[in-house]
Amino acid sequence: MRWALVKVCLAVTTMVVIAFAVPLGLVIKEMARDRAFSNAEREAAVVVPALSITTDRDQLERVVASAGSDDGMAVHLPASDGRAAVDLGRQRAADADIAAVRRLGRASTTEVPGGSALLQPVALSLGTVVIEVYVPESEVSNGVATAWAVLAAVGAALVVGSVAVADRLGVRMVQPARRLVEGAQELGEGKLGARVPEEGPSELRLAAVAFNSMADQVVQLLANERELAADLSHRLRTPLTVLRLNAASLGESAAAEQTRTAVAQLEREVDTIIRTAREAKPQTAAAGPGAGCDAAEVVRERMAFWSALAEDEGRKVRTAGVDRPVRIPVARTDLAASLDALLGNVFRHTPEGTAFAVDVHNGEDAVIVLVSDAGPGISDPEAAMARGRGSGTAGSTGLGLDIVRRLAESTGGDVRIGSSVLGGTEVRLWIQLDGREPVRRGHRGAVRRRRRAFAGRS
């Protein structure tokens, strides 16, 4: 906008300067010409009184010499009383031009080498005398170049001044718009305190007022949402207390110990939700330098937890790619929650005895975690992902896949649902290592080949 305004002002000012400077320059040139010929007429008028007094050649030569400079004047006397025509001074005009002026009795100008000549007729008793005054070209154009230079300088100053004014006006318009853009970017990045100064043109001031009002409403809505989440989580404390007391009375069996561990973990998760809601901090955030966890270790830990239930239901379990450390920029608790959500879906939506597997593929720029099963599969993966974005259907809250999706997107990755080599569903969790957009071309075929290799070894 700023440069567009400067360009428009530059074009308009240039056209205005040209429209006025060119005609004015031509007028100045014409005025210089008129001034030169007016001076020539005055020089010619000096000789007229002498011609009316005498026609003696010697006297007229002295008059012409005193009136003209550098042989710039000539007097042409006609023939009369048997005397031949007399030419005094240096003649530059052609004889035909002089004869035409004498015949017509009207002053005229004619082009001669080096300039122009003014031919002024004077009627006397002896006939019409023609006075020739030479006007050099330098006198006709005297001062014209200087005047044009002054006009050019004034025009350039006007153009520069108008561009400077337009630039200042553009800055006055662009800066509020730029602040509005920066405020929108900050608000989009989660900086809820971002506000825009209400300054600039009236339209931008109104836009700033609307933006600040919207930001205030967003902050208020988020505060209400956090309070609601904290309140709902706090209400879970009572049934959790009952579960903890009942679990304490189950004895010392392995199932009882697992139940107590699960209740304790659930209490910790509820406490985390309450603290996060109160502190207005997101549960999943991009990890900084040096942060993250070992994905292989987390997978081994969660598979050890779920393997007991899998053994009770007669499910075959397989893991791959967890024999060596795999560092990812994700918090340990977030990855564990995502794996629990995916494995919980396997137990919830497949019949007992259905096998499942978890594979970890470590690449240069990404880590892929595959959770697959041998169940009936998902007929509509897009609908399942839509449910994962919060549109839960009967029997599902839609939060499981949403947790997994937010974890992947926090690193620049994504989540995809497809068919597994086991015959059921495959959920692919793509975790980007460097924060770049995931490069999907070719990876799926490689993943398929590695999955078939793992299946063949198993």
# chains A, B, ... in the order shown; residues from 1 in each chain; ligands from 1
>>> select_by_dssp(residues="range 183-409 of chain A", states="strand (DSSP E)", output="PyMOL selection string")
chain A and resi 293-294+317-320+327-328+356-362+366-373
>>> residues_around(residues="Ala374 in chain A", least_positions_apart="6", cutoff="6 Å", atoms="only C-alpha atoms", output="list in words")
Thr354, Ala355, Leu422, Gly423 and Gly424 of chain A
>>> select_by_dssp(residues="range 84-320 of chain A", states="helix (DSSP H, G or I)", output="number ranges by chain")
A: 95-104, 137-140, 144-188, 202-235, 237-248, 254-279, 295-312
>>> closest_residue(among="A:Ala308, A:Leu151, A:Leu407, A:Val130", to="Val17 in chain A", atoms="only C-alpha atoms")
A:Leu151
>>> residues_around(residues="range 166-178 of chain A", least_positions_apart="4", cutoff="8 Å", atoms="only C-alpha atoms", output="PyMOL selection string")
chain A and resi 1-3+5-6+9+162+182+197+199-201+204
>>> decode(residues="range 351-387 of chain A", atoms="N, CA and C atoms", output="PDB file, in the first residue's frame")
ATOM      1  N   PRO A 351     -12.991 -57.574  18.884  1.00  0.00           N
ATOM      2  CA  PRO A 351     -13.392 -58.684  19.774  1.00  0.00           C
ATOM      3  C   PRO A 351     -12.194 -59.299  20.489  1.00  0.00           C
ATOM      4  N   GLU A 352     -12.477 -60.021  21.583  1.00  0.00           N
ATOM      5  CA  GLU A 352     -11.409 -60.692  22.318  1.00  0.00           C
ATOM      6  C   GLU A 352     -10.711 -61.704  21.421  1.00  0.00           C
ATOM      7  N   GLY A 353      -9.414 -61.840  21.641  1.00  0.00           N
ATOM      8  CA  GLY A 353      -8.613 -62.750  20.834  1.00  0.00           C
ATOM      9  C   GLY A 353      -8.009 -62.102  19.606  1.00  0.00           C
ATOM     10  N   THR A 354      -8.338 -60.820  19.342  1.00  0.00           N
ATOM     11  CA  THR A 354      -7.787 -60.123  18.177  1.00  0.00           C
ATOM     12  C   THR A 354      -6.355 -59.686  18.455  1.00  0.00           C
ATOM     13  N   ALA A 355      -5.450 -60.037  17.568  1.00  0.00           N
ATOM     14  CA  ALA A 355      -4.047 -59.676  17.745  1.00  0.00           C
ATOM     15  C   ALA A 355      -3.824 -58.209  17.388  1.00  0.00           C
ATOM     16  N   PHE A 356      -2.794 -57.633  17.979  1.00  0.00           N
ATOM     17  CA  PHE A 356      -2.423 -56.258  17.636  1.00  0.00           C
ATOM     18  C   PHE A 356      -0.917 -56.116  17.778  1.00  0.00           C
ATOM     19  N   ALA A 357      -0.381 -55.023  17.194  1.00  0.00           N
ATOM     20  CA  ALA A 357       1.065 -54.803  17.176  1.00  0.00           C
ATOM     21  C   ALA A 357       1.357 -53.313  17.229  1.00  0.00           C
ATOM     22  N   VAL A 358       2.531 -52.997  17.758  1.00  0.00           N
ATOM     23  CA  VAL A 358       3.025 -51.616  17.803  1.00  0.00           C
ATOM     24  C   VAL A 358       4.429 -51.613  17.211  1.00  0.00           C
ATOM     25  N   ASP A 359       4.625 -50.836  16.145  1.00  0.00           N
ATOM     26  CA  ASP A 359       5.927 -50.729  15.486  1.00  0.00           C
ATOM     27  C   ASP A 359       6.430 -49.293  15.580  1.00  0.00           C
ATOM     28  N   VAL A 360       7.727 -49.161  15.771  1.00  0.00           N
ATOM     29  CA  VAL A 360       8.372 -47.845  15.806  1.00  0.00           C
ATOM     30  C   VAL A 360       9.409 -47.807  14.696  1.00  0.00           C
ATOM     31  N   HIS A 361       9.280 -46.838  13.786  1.00  0.00           N
ATOM     32  CA  HIS A 361      10.206 -46.676  12.662  1.00  0.00           C
ATOM     33  C   HIS A 361      10.947 -45.354  12.847  1.00  0.00           C
ATOM     34  N   ASN A 362      12.243 -45.425  12.960  1.00  0.00           N
ATOM     35  CA  ASN A 362      13.070 -44.248  13.212  1.00  0.00           C
ATOM     36  C   ASN A 362      13.723 -43.798  11.907  1.00  0.00           C
ATOM     37  N   GLY A 363      13.357 -42.604  11.406  1.00  0.00           N
ATOM     38  CA  GLY A 363      13.942 -42.039  10.193  1.00  0.00           C
ATOM     39  C   GLY A 363      14.835 -40.859  10.511  1.00  0.00           C
ATOM     40  N   GLU A 364      15.368 -40.247   9.450  1.00  0.00           N
ATOM     41  CA  GLU A 364      16.267 -39.108   9.638  1.00  0.00           C
ATOM     42  C   GLU A 364      15.519 -37.871  10.111  1.00  0.00           C
ATOM     43  N   ASP A 365      14.321 -37.650   9.574  1.00  0.00           N
ATOM     44  CA  ASP A 365      13.584 -36.447   9.908  1.00  0.00           C
ATOM     45  C   ASP A 365      12.266 -36.718  10.609  1.00  0.00           C
ATOM     46  N   ALA A 366      11.911 -37.967  10.827  1.00  0.00           N
ATOM     47  CA  ALA A 366      10.634 -38.263  11.453  1.00  0.00           C
ATOM     48  C   ALA A 366      10.688 -39.636  12.104  1.00  0.00           C
ATOM     49  N   VAL A 367       9.800 -39.829  13.077  1.00  0.00           N
ATOM     50  CA  VAL A 367       9.596 -41.123  13.734  1.00  0.00           C
ATOM     51  C   VAL A 367       8.141 -41.504  13.530  1.00  0.00           C
ATOM     52  N   ILE A 368       7.904 -42.736  13.067  1.00  0.00           N
ATOM     53  CA  ILE A 368       6.553 -43.218  12.803  1.00  0.00           C
ATOM     54  C   ILE A 368       6.223 -44.312  13.808  1.00  0.00           C
ATOM     55  N   VAL A 369       5.109 -44.136  14.483  1.00  0.00           N
ATOM     56  CA  VAL A 369       4.600 -45.150  15.416  1.00  0.00           C
ATOM     57  C   VAL A 369       3.337 -45.739  14.794  1.00  0.00           C
ATOM     58  N   LEU A 370       3.334 -47.036  14.536  1.00  0.00           N
ATOM     59  CA  LEU A 370       2.211 -47.725  13.905  1.00  0.00           C
ATOM     60  C   LEU A 370       1.532 -48.619  14.940  1.00  0.00           C
ATOM     61  N   VAL A 371       0.238 -48.424  15.109  1.00  0.00           N
ATOM     62  CA  VAL A 371      -0.584 -49.286  15.969  1.00  0.00           C
ATOM     63  C   VAL A 371      -1.579 -49.988  15.060  1.00  0.00           C
ATOM     64  N   SER A 372      -1.460 -51.303  14.917  1.00  0.00           N
ATOM     65  CA  SER A 372      -2.283 -52.060  13.982  1.00  0.00           C
ATOM     66  C   SER A 372      -2.929 -53.235  14.708  1.00  0.00           C
ATOM     67  N   ASP A 373      -4.029 -53.685  14.136  1.00  0.00           N
ATOM     68  CA  ASP A 373      -4.730 -54.830  14.730  1.00  0.00           C
ATOM     69  C   ASP A 373      -5.268 -55.709  13.617  1.00  0.00           C
ATOM     70  N   ALA A 374      -5.784 -56.877  14.013  1.00  0.00           N
ATOM     71  CA  ALA A 374      -6.360 -57.843  13.069  1.00  0.00           C
ATOM     72  C   ALA A 374      -7.873 -57.867  13.171  1.00  0.00           C
ATOM     73  N   GLY A 375      -8.463 -56.749  13.591  1.00  0.00           N
ATOM     74  CA  GLY A 375      -9.905 -56.691  13.769  1.00  0.00           C
ATOM     75  C   GLY A 375     -10.650 -56.475  12.474  1.00  0.00           C
ATOM     76  N   PRO A 376     -11.921 -56.062  12.581  1.00  0.00           N
ATOM     77  CA  PRO A 376     -12.751 -55.875  11.377  1.00  0.00           C
ATOM     78  C   PRO A 376     -12.371 -54.649  10.564  1.00  0.00           C
ATOM     79  N   GLY A 377     -11.566 -53.729  11.121  1.00  0.00           N
ATOM     80  CA  GLY A 377     -11.163 -52.534  10.391  1.00  0.00           C
ATOM     81  C   GLY A 377     -12.173 -51.408  10.513  1.00  0.00           C
ATOM     82  N   ILE A 378     -11.834 -50.284   9.923  1.00  0.00           N
ATOM     83  CA  ILE A 378     -12.695 -49.092   9.938  1.00  0.00           C
ATOM     84  C   ILE A 378     -13.169 -48.844   8.518  1.00  0.00           C
ATOM     85  N   SER A 379     -14.467 -48.871   8.340  1.00  0.00           N
ATOM     86  CA  SER A 379     -15.024 -48.706   6.991  1.00  0.00           C
ATOM     87  C   SER A 379     -14.888 -47.280   6.473  1.00  0.00           C
ATOM     88  N   ASP A 380     -14.925 -46.300   7.357  1.00  0.00           N
ATOM     89  CA  ASP A 380     -14.861 -44.893   6.941  1.00  0.00           C
ATOM     90  C   ASP A 380     -13.801 -44.171   7.774  1.00  0.00           C
ATOM     91  N   PRO A 381     -12.512 -44.209   7.339  1.00  0.00           N
ATOM     92  CA  PRO A 381     -11.456 -43.549   8.120  1.00  0.00           C
ATOM     93  C   PRO A 381     -11.661 -42.047   8.280  1.00  0.00           C
ATOM     94  N   GLU A 382     -12.217 -41.409   7.252  1.00  0.00           N
ATOM     95  CA  GLU A 382     -12.415 -39.957   7.346  1.00  0.00           C
ATOM     96  C   GLU A 382     -13.411 -39.609   8.442  1.00  0.00           C
ATOM     97  N   ALA A 383     -14.472 -40.427   8.554  1.00  0.00           N
ATOM     98  CA  ALA A 383     -15.443 -40.184   9.617  1.00  0.00           C
ATOM     99  C   ALA A 383     -14.811 -40.409  10.984  1.00  0.00           C
ATOM    100  N   ALA A 384     -13.921 -41.400  11.072  1.00  0.00           N
ATOM    101  CA  ALA A 384     -13.251 -41.656  12.339  1.00  0.00           C
ATOM    102  C   ALA A 384     -12.348 -40.486  12.729  1.00  0.00           C
ATOM    103  N   MET A 385     -11.636 -39.910  11.744  1.00  0.00           N
ATOM    104  CA  MET A 385     -10.794 -38.758  12.034  1.00  0.00           C
ATOM    105  C   MET A 385     -11.635 -37.539  12.393  1.00  0.00           C
ATOM    106  N   ALA A 386     -12.795 -37.408  11.730  1.00  0.00           N
ATOM    107  CA  ALA A 386     -13.694 -36.305  12.083  1.00  0.00           C
ATOM    108  C   ALA A 386     -14.192 -36.459  13.509  1.00  0.00           C
ATOM    109  N   ARG A 387     -14.473 -37.701  13.911  1.00  0.00           N
ATOM    110  CA  ARG A 387     -14.885 -37.951  15.291  1.00  0.00           C
ATOM    111  C   ARG A 387     -13.734 -37.623  16.234  1.00  0.00           C
TER     112      ARG A 387
END
